[in-house]
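run.pdb follows (PDB, C-alpha atoms):
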ATOM      1  CA  MET A   1       0.000   0.000   0.000
ATOM      2  CA  ASP A   2       1.426   3.400  -0.967
ATOM      3  CA  ASN A   3       1.818   6.169   1.588
ATOM      4  CA  VAL A   4      -1.140   8.217   0.325
ATOM      5  CA  LYS A   5      -3.575   5.334   0.752
ATOM      6  CA  LEU A   6      -1.993   4.401   4.071
ATOM      7  CA  LEU A   7      -2.420   7.965   5.327
ATOM      8  CA  GLU A   8      -6.052   7.932   4.241
ATOM      9  CA  LYS A   9      -6.584   4.634   6.037
ATOM     10  CA  LEU A  10      -4.890   6.016   9.167
ATOM     11  CA  ASN A  11      -7.200   9.014   9.358
ATOM     12  CA  ASN A  12     -10.264   6.815   8.800
ATOM     13  CA  GLN A  13      -9.209   4.471  11.577
ATOM     14  CA  LYS A  14      -8.327   7.404  13.813
ATOM     15  CA  THR A  15     -11.959   8.534  13.605
ATOM     16  CA  LYS A  16     -13.188   5.026  14.445
ATOM     17  CA  PHE A  17     -10.619   4.830  17.273
ATOM     18  CA  TYR A  18     -11.922   8.027  18.863
ATOM     19  CA  ASP A  19     -15.561   6.996  18.335
ATOM     20  CA  GLU A  20     -15.077   3.636  20.078
ATOM     21  CA  ILE A  21     -13.286   5.232  23.026
ATOM     22  CA  GLY A  22     -16.032   7.864  23.215
ATOM     23  CA  LYS A  23     -18.508   5.088  24.046
ATOM     24  CA  VAL A  24     -16.841   4.791  27.459
ATOM     25  CA  ILE A  25     -14.748   7.920  28.013
ATOM     26  CA  VAL A  26     -16.439  11.316  28.238
ATOM     27  CA  GLY A  27     -14.300  14.239  27.085
ATOM     28  CA  GLN A  28     -10.514  14.060  27.620
ATOM     29  CA  ASN A  29      -9.967  14.608  23.880
ATOM     30  CA  ASP A  30      -6.453  16.025  24.269
ATOM     31  CA  VAL A  31      -5.416  13.117  26.499
ATOM     32  CA  ILE A  32      -6.664  10.536  24.013
ATOM     33  CA  GLU A  33      -5.019  12.357  21.100
ATOM     34  CA  HIS A  34      -1.654  12.429  22.890
ATOM     35  CA  ILE A  35      -1.902   8.710  23.646
ATOM     36  CA  PHE A  36      -2.729   7.992  20.006
ATOM     37  CA  ILE A  37       0.264  10.063  18.874
ATOM     38  CA  ALA A  38       2.526   8.123  21.245
ATOM     39  CA  LEU A  39       1.235   4.826  19.852
ATOM     40  CA  LEU A  40       2.137   5.996  16.348
ATOM     41  CA  CYS A  41       5.632   6.937  17.551
ATOM     42  CA  ARG A  42       6.329   3.736  19.539
ATOM     43  CA  GLY A  43       6.376   5.911  22.653
ATOM     44  CA  HIS A  44       5.438   5.199  26.267
ATOM     45  CA  ILE A  45       2.921   7.348  28.154
ATOM     46  CA  LEU A  46       2.777   8.547  31.760
ATOM     47  CA  LEU A  47      -0.693   9.715  32.860
ATOM     48  CA  GLU A  48      -0.764  11.808  36.005
ATOM     49  CA  GLY A  49      -3.723  12.938  38.075
ATOM     50  CA  VAL A  50      -5.493  12.515  41.386
ATOM     51  CA  PRO A  51      -7.399   9.252  42.007
ATOM     52  CA  GLY A  52     -10.827   8.911  40.448
ATOM     53  CA  LEU A  53     -10.291  10.796  37.181
ATOM     54  CA  GLY A  54     -10.414   7.693  34.987
ATOM     55  CA  LYS A  55      -6.706   7.242  34.192
ATOM     56  CA  THR A  56      -6.875   3.463  34.414
ATOM     57  CA  LEU A  57     -10.215   3.355  32.585
ATOM     58  CA  ILE A  58      -8.793   5.360  29.663
ATOM     59  CA  ILE A  59      -5.875   2.955  29.230
ATOM     60  CA  LYS A  60      -8.077  -0.135  29.632
ATOM     61  CA  THR A  61     -10.511   1.218  27.036
ATOM     62  CA  ILE A  62      -7.678   1.945  24.587
ATOM     63  CA  SER A  63      -6.449  -1.618  25.031
ATOM     64  CA  ASP A  64      -9.961  -2.852  24.210
ATOM     65  CA  VAL A  65      -9.964  -0.842  20.968
ATOM     66  CA  LEU A  66      -6.546  -2.155  19.870
ATOM     67  CA  ASP A  67      -6.274  -5.796  18.793
ATOM     68  CA  LEU A  68      -3.172  -6.351  20.956
ATOM     69  CA  ASN A  69      -2.223  -8.370  24.037
ATOM     70  CA  PHE A  70      -2.769  -6.520  27.320
ATOM     71  CA  ASN A  71      -1.473  -6.997  30.855
ATOM     72  CA  ARG A  72      -2.065  -4.915  33.961
ATOM     73  CA  ILE A  73       0.425  -4.589  36.801
ATOM     74  CA  GLN A  74      -0.811  -3.039  40.041
ATOM     75  CA  PHE A  75       2.190  -1.311  41.604
ATOM     76  CA  THR A  76       2.298  -1.609  45.406
ATOM     77  CA  PRO A  77       5.056  -1.031  47.992
ATOM     78  CA  ASP A  78       5.754  -4.784  48.301
ATOM     79  CA  LEU A  79       5.986  -5.432  44.529
ATOM     80  CA  MET A  80       9.316  -6.990  43.524
ATOM     81  CA  PRO A  81      11.186  -6.624  40.184
ATOM     82  CA  SER A  82      10.671 -10.329  39.443
ATOM     83  CA  ASP A  83       6.903  -9.796  39.763
ATOM     84  CA  ILE A  84       7.226  -7.644  36.629
ATOM     85  CA  THR A  85       9.935  -9.280  34.544
ATOM     86  CA  GLY A  86       9.439 -12.900  35.550
ATOM     87  CA  THR A  87      11.376 -15.410  37.610
ATOM     88  CA  GLU A  88      13.426 -18.578  37.252
ATOM     89  CA  ILE A  89      12.122 -21.762  38.857
ATOM     90  CA  ILE A  90      13.723 -25.165  39.285
ATOM     91  CA  ASN A  91      12.110 -27.615  36.886
ATOM     92  CA  GLN A  92      12.756 -31.363  36.714
ATOM     93  CA  ASN A  93      13.189 -32.870  33.251
ATOM     94  CA  LEU A  94      10.914 -35.914  33.121
ATOM     95  CA  ASP A  95      13.060 -37.625  30.482
ATOM     96  CA  THR A  96      16.479 -37.267  32.114
ATOM     97  CA  GLY A  97      15.535 -36.652  35.717
ATOM     98  CA  ASN A  98      17.874 -33.659  35.777
ATOM     99  CA  ARG A  99      16.871 -30.425  37.412
ATOM    100  CA  GLU A 100      17.194 -27.238  35.392
ATOM    101  CA  LEU A 101      16.232 -23.608  35.683
ATOM    102  CA  LYS A 102      13.218 -22.504  33.678
ATOM    103  CA  PHE A 103      12.304 -18.845  33.131
ATOM    104  CA  ILE A 104       8.642 -18.008  33.674
ATOM    105  CA  LYS A 105       7.829 -14.776  31.854
ATOM    106  CA  GLY A 106       6.233 -11.983  33.840
ATOM    107  CA  PRO A 107       3.436  -9.585  32.819
ATOM    108  CA  ILE A 108       5.938  -7.266  31.093
ATOM    109  CA  PHE A 109       5.811  -9.686  28.146
ATOM    110  CA  SER A 110       2.800  -8.165  26.428
ATOM    111  CA  ASN A 111       2.013  -5.611  23.716
ATOM    112  CA  ILE A 112       0.402  -3.145  26.110
ATOM    113  CA  VAL A 113       1.373  -3.013  29.777
ATOM    114  CA  LEU A 114      -0.678  -0.907  32.179
ATOM    115  CA  ALA A 115       1.653   0.087  35.009
ATOM    116  CA  ASP A 116      -1.064   1.218  37.396
ATOM    117  CA  GLU A 117      -0.012   3.712  40.093
ATOM    118  CA  ILE A 118       3.636   3.245  39.146
ATOM    119  CA  ASN A 119       4.873   5.634  41.826
ATOM    120  CA  ARG A 120       3.416   3.589  44.683
ATOM    121  CA  THR A 121       6.350   1.172  44.505
ATOM    122  CA  PRO A 122       9.995   1.941  45.428
ATOM    123  CA  PRO A 123      12.531   2.929  42.721
ATOM    124  CA  LYS A 124      14.161  -0.531  42.874
ATOM    125  CA  THR A 125      11.008  -2.080  41.449
ATOM    126  CA  GLN A 126      10.305   0.802  39.087
ATOM    127  CA  SER A 127      13.733   0.198  37.513
ATOM    128  CA  ALA A 128      12.590  -3.252  36.364
ATOM    129  CA  LEU A 129      10.907  -1.450  33.472
ATOM    130  CA  LEU A 130      13.999   0.399  32.236
ATOM    131  CA  GLU A 131      15.483  -2.235  29.932
ATOM    132  CA  ALA A 132      12.108  -3.273  28.555
ATOM    133  CA  MET A 133      11.086   0.304  27.740
ATOM    134  CA  GLN A 134      14.338   1.082  25.950
ATOM    135  CA  GLU A 135      15.619  -2.204  24.518
ATOM    136  CA  TYR A 136      12.356  -4.202  24.217
ATOM    137  CA  SER A 137      13.977  -7.048  26.125
ATOM    138  CA  VAL A 138      14.482  -8.464  29.627
ATOM    139  CA  THR A 139      17.781  -9.854  30.874
ATOM    140  CA  THR A 140      17.794 -12.318  33.753
ATOM    141  CA  GLY A 141      20.157 -15.094  34.745
ATOM    142  CA  GLY A 142      22.587 -14.014  32.041
ATOM    143  CA  LYS A 143      20.019 -14.556  29.287
ATOM    144  CA  THR A 144      18.124 -11.967  27.273
ATOM    145  CA  TYR A 145      14.479 -12.489  26.326
ATOM    146  CA  ASN A 146      12.927 -10.306  23.630
ATOM    147  CA  ILE A 147       9.525  -8.692  24.020
ATOM    148  CA  ASP A 148       7.176  -8.863  21.043
ATOM    149  CA  LYS A 149       6.501  -5.603  19.242
ATOM    150  CA  PRO A 150       4.560  -3.400  19.322
ATOM    151  CA  PHE A 151       5.276  -2.774  22.981
ATOM    152  CA  PHE A 152       3.968   0.098  25.074
ATOM    153  CA  VAL A 153       4.071   0.950  28.754
ATOM    154  CA  LEU A 154       1.080   3.093  29.668
ATOM    155  CA  ALA A 155       1.610   4.124  33.271
ATOM    156  CA  THR A 156      -0.530   6.047  35.719
ATOM    157  CA  GLN A 157       0.765   7.953  38.688
ATOM    158  CA  ASN A 158      -0.743   9.963  41.486
ATOM    159  CA  PRO A 159       0.625  13.411  42.386
ATOM    160  CA  ILE A 160       3.819  12.979  44.414
ATOM    161  CA  GLU A 161       2.369  15.155  47.166
ATOM    162  CA  GLN A 162      -0.026  12.347  48.101
ATOM    163  CA  GLU A 163       0.651   9.793  50.817
ATOM    164  CA  GLY A 164       2.391   6.532  49.932
ATOM    165  CA  THR A 165       4.094   7.709  46.736
ATOM    166  CA  TYR A 166       7.720   7.503  45.614
ATOM    167  CA  PRO A 167       9.146   9.940  43.057
ATOM    168  CA  LEU A 168      10.139   8.333  39.765
ATOM    169  CA  PRO A 169      13.906   8.539  39.079
ATOM    170  CA  GLU A 170      14.914  10.876  36.247
ATOM    171  CA  ALA A 171      16.184   7.930  34.166
ATOM    172  CA  GLN A 172      12.763   6.298  34.453
ATOM    173  CA  LEU A 173      10.887   9.491  33.593
ATOM    174  CA  ASP A 174      13.053  10.058  30.534
ATOM    175  CA  ARG A 175      11.864   6.751  29.029
ATOM    176  CA  PHE A 176       8.325   8.132  28.741
ATOM    177  CA  MET A 177       7.610  10.051  25.571
ATOM    178  CA  PHE A 178       4.706  12.017  27.052
ATOM    179  CA  ASN A 179       3.725  13.077  30.532
ATOM    180  CA  VAL A 180       0.002  13.819  30.232
ATOM    181  CA  LEU A 181      -1.869  15.540  33.047
ATOM    182  CA  ILE A 182      -5.525  14.697  33.662
ATOM    183  CA  ASP A 183      -7.564  17.356  35.416
ATOM    184  CA  TYR A 184     -11.081  17.413  36.831
ATOM    185  CA  PRO A 185     -13.736  17.247  34.064
ATOM    186  CA  PRO A 186     -15.903  20.270  33.193
ATOM    187  CA  PHE A 187     -19.361  20.386  34.761
ATOM    188  CA  ASN A 188     -21.267  19.153  31.685
ATOM    189  CA  ASP A 189     -18.801  16.314  31.128
ATOM    190  CA  GLU A 190     -19.175  15.263  34.742
ATOM    191  CA  LEU A 191     -22.944  15.193  34.312
ATOM    192  CA  ASP A 192     -22.518  12.755  31.416
ATOM    193  CA  ILE A 193     -20.051  10.671  33.429
ATOM    194  CA  VAL A 194     -22.482  10.332  36.328
ATOM    195  CA  LYS A 195     -25.327   9.371  33.982
ATOM    196  CA  SER A 196     -23.259   6.704  32.224
ATOM    197  CA  ASN A 197     -21.845   5.294  35.474
ATOM    198  CA  THR A 198     -25.245   4.889  37.136
ATOM    199  CA  THR A 199     -26.968   2.805  34.485
ATOM    200  CA  THR A 200     -26.736  -0.767  33.297
ATOM    201  CA  VAL A 201     -26.572   0.202  29.606
ATOM    202  CA  LYS A 202     -23.088  -0.520  28.222
ATOM    203  CA  ASP A 203     -21.817  -0.132  24.667
ATOM    204  CA  ASN A 204     -19.798  -2.919  23.093
ATOM    205  CA  ILE A 205     -16.256  -1.859  22.205
ATOM    206  CA  LYS A 206     -15.015  -2.978  18.798
ATOM    207  CA  LYS A 207     -11.414  -3.676  17.853
ATOM    208  CA  VAL A 208     -10.227  -1.043  15.393
ATOM    209  CA  ILE A 209      -6.461  -1.391  14.804
ATOM    210  CA  ASN A 210      -4.414  -4.587  14.801
ATOM    211  CA  SER A 211      -0.686  -5.163  15.229
ATOM    212  CA  LYS A 212       0.133  -5.183  11.501
ATOM    213  CA  GLU A 213      -1.754  -1.947  10.842
ATOM    214  CA  LEU A 214      -0.182  -0.193  13.815
ATOM    215  CA  ASN A 215       3.289  -1.244  12.678
ATOM    216  CA  ASP A 216       2.569   0.161   9.183
ATOM    217  CA  TYR A 217       1.452   3.476  10.689
ATOM    218  CA  GLN A 218       4.565   3.627  12.860
ATOM    219  CA  ASP A 219       6.770   3.121   9.792
ATOM    220  CA  LEU A 220       4.787   5.808   7.981
ATOM    221  CA  VAL A 221       5.512   8.297  10.776
ATOM    222  CA  ARG A 222       9.229   7.497  10.675
ATOM    223  CA  ASN A 223       9.318   8.149   6.921
ATOM    224  CA  VAL A 224       7.722  11.608   7.109
ATOM    225  CA  PRO A 225      10.222  14.232   5.857
ATOM    226  CA  VAL A 226      11.068  17.159   8.120
ATOM    227  CA  SER A 227      12.692  20.420   7.058
ATOM    228  CA  ASP A 228      15.945  21.495   8.692
ATOM    229  CA  ASN A 229      14.429  24.653  10.172
ATOM    230  CA  VAL A 230      11.827  22.595  12.092
ATOM    231  CA  ILE A 231      14.512  20.266  13.474
ATOM    232  CA  GLU A 232      16.645  23.281  14.415
ATOM    233  CA  TYR A 233      13.674  24.843  16.211
ATOM    234  CA  ALA A 234      13.064  21.657  18.224
ATOM    235  CA  VAL A 235      16.731  21.268  19.190
ATOM    236  CA  ASN A 236      16.985  24.973  20.047
ATOM    237  CA  PHE A 237      13.839  24.711  22.196
ATOM    238  CA  VAL A 238      15.376  21.848  24.170
ATOM    239  CA  HIS A 239      18.667  23.756  24.532
ATOM    240  CA  LYS A 240      16.760  26.717  25.981
ATOM    241  CA  THR A 241      15.706  24.494  28.903
ATOM    242  CA  ARG A 242      19.334  23.916  29.952
ATOM    243  CA  PRO A 243      20.776  26.535  32.340
ATOM    244  CA  SER A 244      24.340  25.740  31.252
ATOM    245  CA  GLU A 245      23.544  26.478  27.584
ATOM    246  CA  SER A 246      20.729  29.023  27.611
ATOM    247  CA  SER A 247      20.922  32.741  28.237
ATOM    248  CA  HIS A 248      17.162  32.999  28.638
ATOM    249  CA  GLU A 249      16.210  34.790  31.851
ATOM    250  CA  LEU A 250      13.508  32.277  32.820
ATOM    251  CA  THR A 251      15.870  29.338  32.371
ATOM    252  CA  SER A 252      18.616  30.708  34.580
ATOM    253  CA  LYS A 253      16.129  31.911  37.167
ATOM    254  CA  TYR A 254      13.842  28.893  37.536
ATOM    255  CA  ILE A 255      15.431  25.728  36.065
ATOM    256  CA  ASP A 256      17.983  23.465  37.749
ATOM    257  CA  TRP A 257      18.181  20.751  35.067
ATOM    258  CA  GLY A 258      17.003  20.817  31.474
ATOM    259  CA  ALA A 259      15.901  18.183  28.990
ATOM    260  CA  GLY A 260      18.308  15.804  27.253
ATOM    261  CA  PRO A 261      18.766  14.829  23.582
ATOM    262  CA  ARG A 262      16.001  12.209  23.761
ATOM    263  CA  ALA A 263      13.544  15.093  24.175
ATOM    264  CA  SER A 264      14.611  16.600  20.826
ATOM    265  CA  SER A 265      13.998  13.300  19.032
ATOM    266  CA  PHE A 266      10.622  12.852  20.699
ATOM    267  CA  LEU A 267       9.611  16.398  19.741
ATOM    268  CA  ILE A 268      10.247  15.697  16.063
ATOM    269  CA  LEU A 269       8.595  12.259  16.141
ATOM    270  CA  ALA A 270       5.509  13.615  17.871
ATOM    271  CA  ALA A 271       5.364  16.571  15.463
ATOM    272  CA  LYS A 272       5.457  14.116  12.539
ATOM    273  CA  ALA A 273       2.485  12.174  13.923
ATOM    274  CA  GLN A 274       0.668  15.408  14.772
ATOM    275  CA  ALA A 275       1.093  16.593  11.183
ATOM    276  CA  LEU A 276      -0.159  13.313   9.704
ATOM    277  CA  LEU A 277      -3.267  13.360  11.877
ATOM    278  CA  CYS A 278      -3.970  16.879  10.593
ATOM    279  CA  GLY A 279      -3.597  15.730   6.984
ATOM    280  CA  LYS A 280      -0.256  17.454   6.382
ATOM    281  CA  ALA A 281       2.659  15.893   4.510
ATOM    282  CA  THR A 282       5.325  17.373   6.782
ATOM    283  CA  PRO A 283       5.339  19.035  10.224
ATOM    284  CA  ASP A 284       5.946  22.716  10.831
ATOM    285  CA  ILE A 285       7.020  24.672  13.899
ATOM    286  CA  GLU A 286       3.425  24.914  15.149
ATOM    287  CA  ASP A 287       3.234  21.110  15.276
ATOM    288  CA  VAL A 288       6.349  21.081  17.465
ATOM    289  CA  LYS A 289       4.803  23.662  19.780
ATOM    290  CA  LYS A 290       1.592  21.628  20.125
ATOM    291  CA  VAL A 291       3.446  18.620  21.524
ATOM    292  CA  SER A 292       6.238  20.444  23.376
ATOM    293  CA  ILE A 293       4.680  20.597  26.855
ATOM    294  CA  PRO A 294       3.786  16.879  27.307
ATOM    295  CA  VAL A 295       7.188  15.920  25.845
ATOM    296  CA  LEU A 296       9.223  18.264  28.072
ATOM    297  CA  ARG A 297       7.337  18.760  31.335
ATOM    298  CA  HIS A 298       8.737  15.618  33.029
ATOM    299  CA  ARG A 299      12.315  16.172  31.836
ATOM    300  CA  ILE A 300      12.846  19.513  33.556
ATOM    301  CA  ILE A 301      13.618  20.105  37.228
ATOM    302  CA  LEU A 302      12.694  23.493  38.640
ATOM    303  CA  ASN A 303      14.696  25.124  41.416
ATOM    304  CA  PHE A 304      13.732  26.622  44.748
ATOM    305  CA  ASN A 305      12.970  30.031  43.207
ATOM    306  CA  ALA A 306      10.217  28.541  41.068
ATOM    307  CA  GLU A 307       8.740  26.671  44.013
ATOM    308  CA  ALA A 308       8.818  29.776  46.199
ATOM    309  CA  GLU A 309       7.091  31.897  43.570
ATOM    310  CA  GLY A 310       4.564  29.217  42.606
ATOM    311  CA  ILE A 311       5.940  28.887  39.079
ATOM    312  CA  LYS A 312       4.977  25.656  37.275
ATOM    313  CA  ILE A 313       6.933  23.847  34.566
ATOM    314  CA  ASP A 314       4.127  24.409  32.069
ATOM    315  CA  ASP A 315       4.323  28.173  32.707
ATOM    316  CA  VAL A 316       8.036  28.240  31.888
ATOM    317  CA  LEU A 317       7.608  26.108  28.753
ATOM    318  CA  LYS A 318       4.801  28.308  27.442
ATOM    319  CA  GLU A 319       7.029  31.377  27.776
ATOM    320  CA  LEU A 320       9.978  29.660  26.126
ATOM    321  CA  SER A 321       7.799  28.569  23.193
ATOM    322  CA  LYS A 322       6.884  32.186  22.397
ATOM    323  CA  GLU A 323      10.403  32.919  21.224
ATOM    324  CA  LYS A 324      11.685  31.814  17.837
TER     325      LYS A 324
END
Output the structure of this file as structure tokens.
Amino acid sequence: MDNVKLLEKLNNQKTKFYDEIGKVIVGQNDVIEHIFIALLCRGHILLEGVPGLGKTLIIKTISDVLDLNFNRIQFTPDLMPSDITGTEIINQNLDTGNRELKFIKGPIFSNIVLADEINRTPPKTQSALLEAMQEYSVTTGGKTYNIDKPFFVLATQNPIEQEGTYPLPEAQLDRFMFNVLIDYPPFNDELDIVKSNTTTVKDNIKKVINSKELNDYQDLVRNVPVSDNVIEYAVNFVHKTRPSESSHELTSKYIDWGAGPRASSFLILAAKAQALLCGKATPDIEDVKKVSIPVLRHRIILNFNAEAEGIKIDDVLKELSKEK
């Protein structure tokens, strides 16, 4: 199938994708769009919000719409790394009578992994996801086991100010393409949520996109051409978040640590997908700006000045995006 027909098919299935999710999820259009963009870019998603806003329901519904394998891991303080990756057990060979180690794969071996409340487990257990998210493999007992593609970690986390939470290490955060914040729904949306949650009428969710189709769309995104000025804008934007490299007043005043090179790559990838979903052949600077906040907000550490003045990361990024 040529790229024009594939792009047409993508936009048709995007509409069906949103329609199926809309049978269960009320509103949250930006959240769903960002998740869809991440899927097209082979990126992982971190959803953040207070309990009860439907973070887990959104991910579960998306897994129902995609014809992919799905596993859920409930992160708790007593969860161990082997509970995620798998463990070796002693197995007796019935033919020889010899005992040998056999690896039993954990829930990480799936196409979609819901890491529910990921920051309610200590960093030691959180780190069990690092290799899988980057290398699509798990190494244990000196052996490496590959994870089938496509592979996505869709994680939820509660605000770190809440009881019983552990902050995610920077190396873990950097593996996520997007950090998407979920806020309280508007009044009318909440009315619809209450009505749908207090009735027995349920819509059947249909599978829309399978593994082969998703892989084709991911390749399509990778092959989208990007002009040098758009790439330069994205790299310059990321450089402006680094106090050691930027002369911007906001950066030196409020930022301790800026984003790394992975952020620049994610900005361009996300801009490519954003452009395709808008029917454009190539992304422009506005596409980069649209995805800049969810790509960068979890890669920047603010200093004490920002905390004292009540300055948020999103506020700083919005100001930085105004400059060319």
> Quick one: residues within 9 Å of stretch 215-231 of chain A, only C-alpha atoms counted, chain neighbours fewer than 2 positions away excluded, as a VMD selection string?
Replying inline: chain A and resid 3 6 to 7 10 39 to 42 149 to 150 210 to 213 233 to 236 264 to 265 267 to 270 272 to 273 276 281 to 285 288
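Proximity of A:Ala115, A:Leu68, A:Val153, A:Leu181 to A:Glu48, computed with only C-alpha atoms, is greatest for A:Leu181.
Going from atom CA of A:Gln28 to atom CA of A:Lys195 covers 16.8 Å.
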>> To one decimal place in Å, what is the distance between atom CA of A:Ile84 and atom CA of A:Pro159?
In response: 22.8 Å
>> Would you pick out the contacts of A:Glu190 at 12 Å or less, using all atoms listed in the file, so that residues sharing its chain but fewer than 5 positions from it are not included, and give the list as a PyMOL selection string?
In response: chain A and resi 25-28+52-54+183-185+195-197
> Which residues fall under the PyMOL selection byres ((chain A and resi 172) around 12) in this file, as a count of residues only?
Replying inline: 32
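Distance annotation: of A:Leu296, A:Ala38, A:Ile108, A:Val180, the residue with the minimal separation from A:Gln74 is A:Ile108; atom set is only C-alpha atoms.
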>> Could you tell me, as a PyMOL selection string, exactly which residues end up selected when the PyMOL selection byres ((chain A and resi 239-244) around 10) is applied to this structure?
In response: chain A and resi 233-238+245-261+264+296+299-301+316-317+320-321
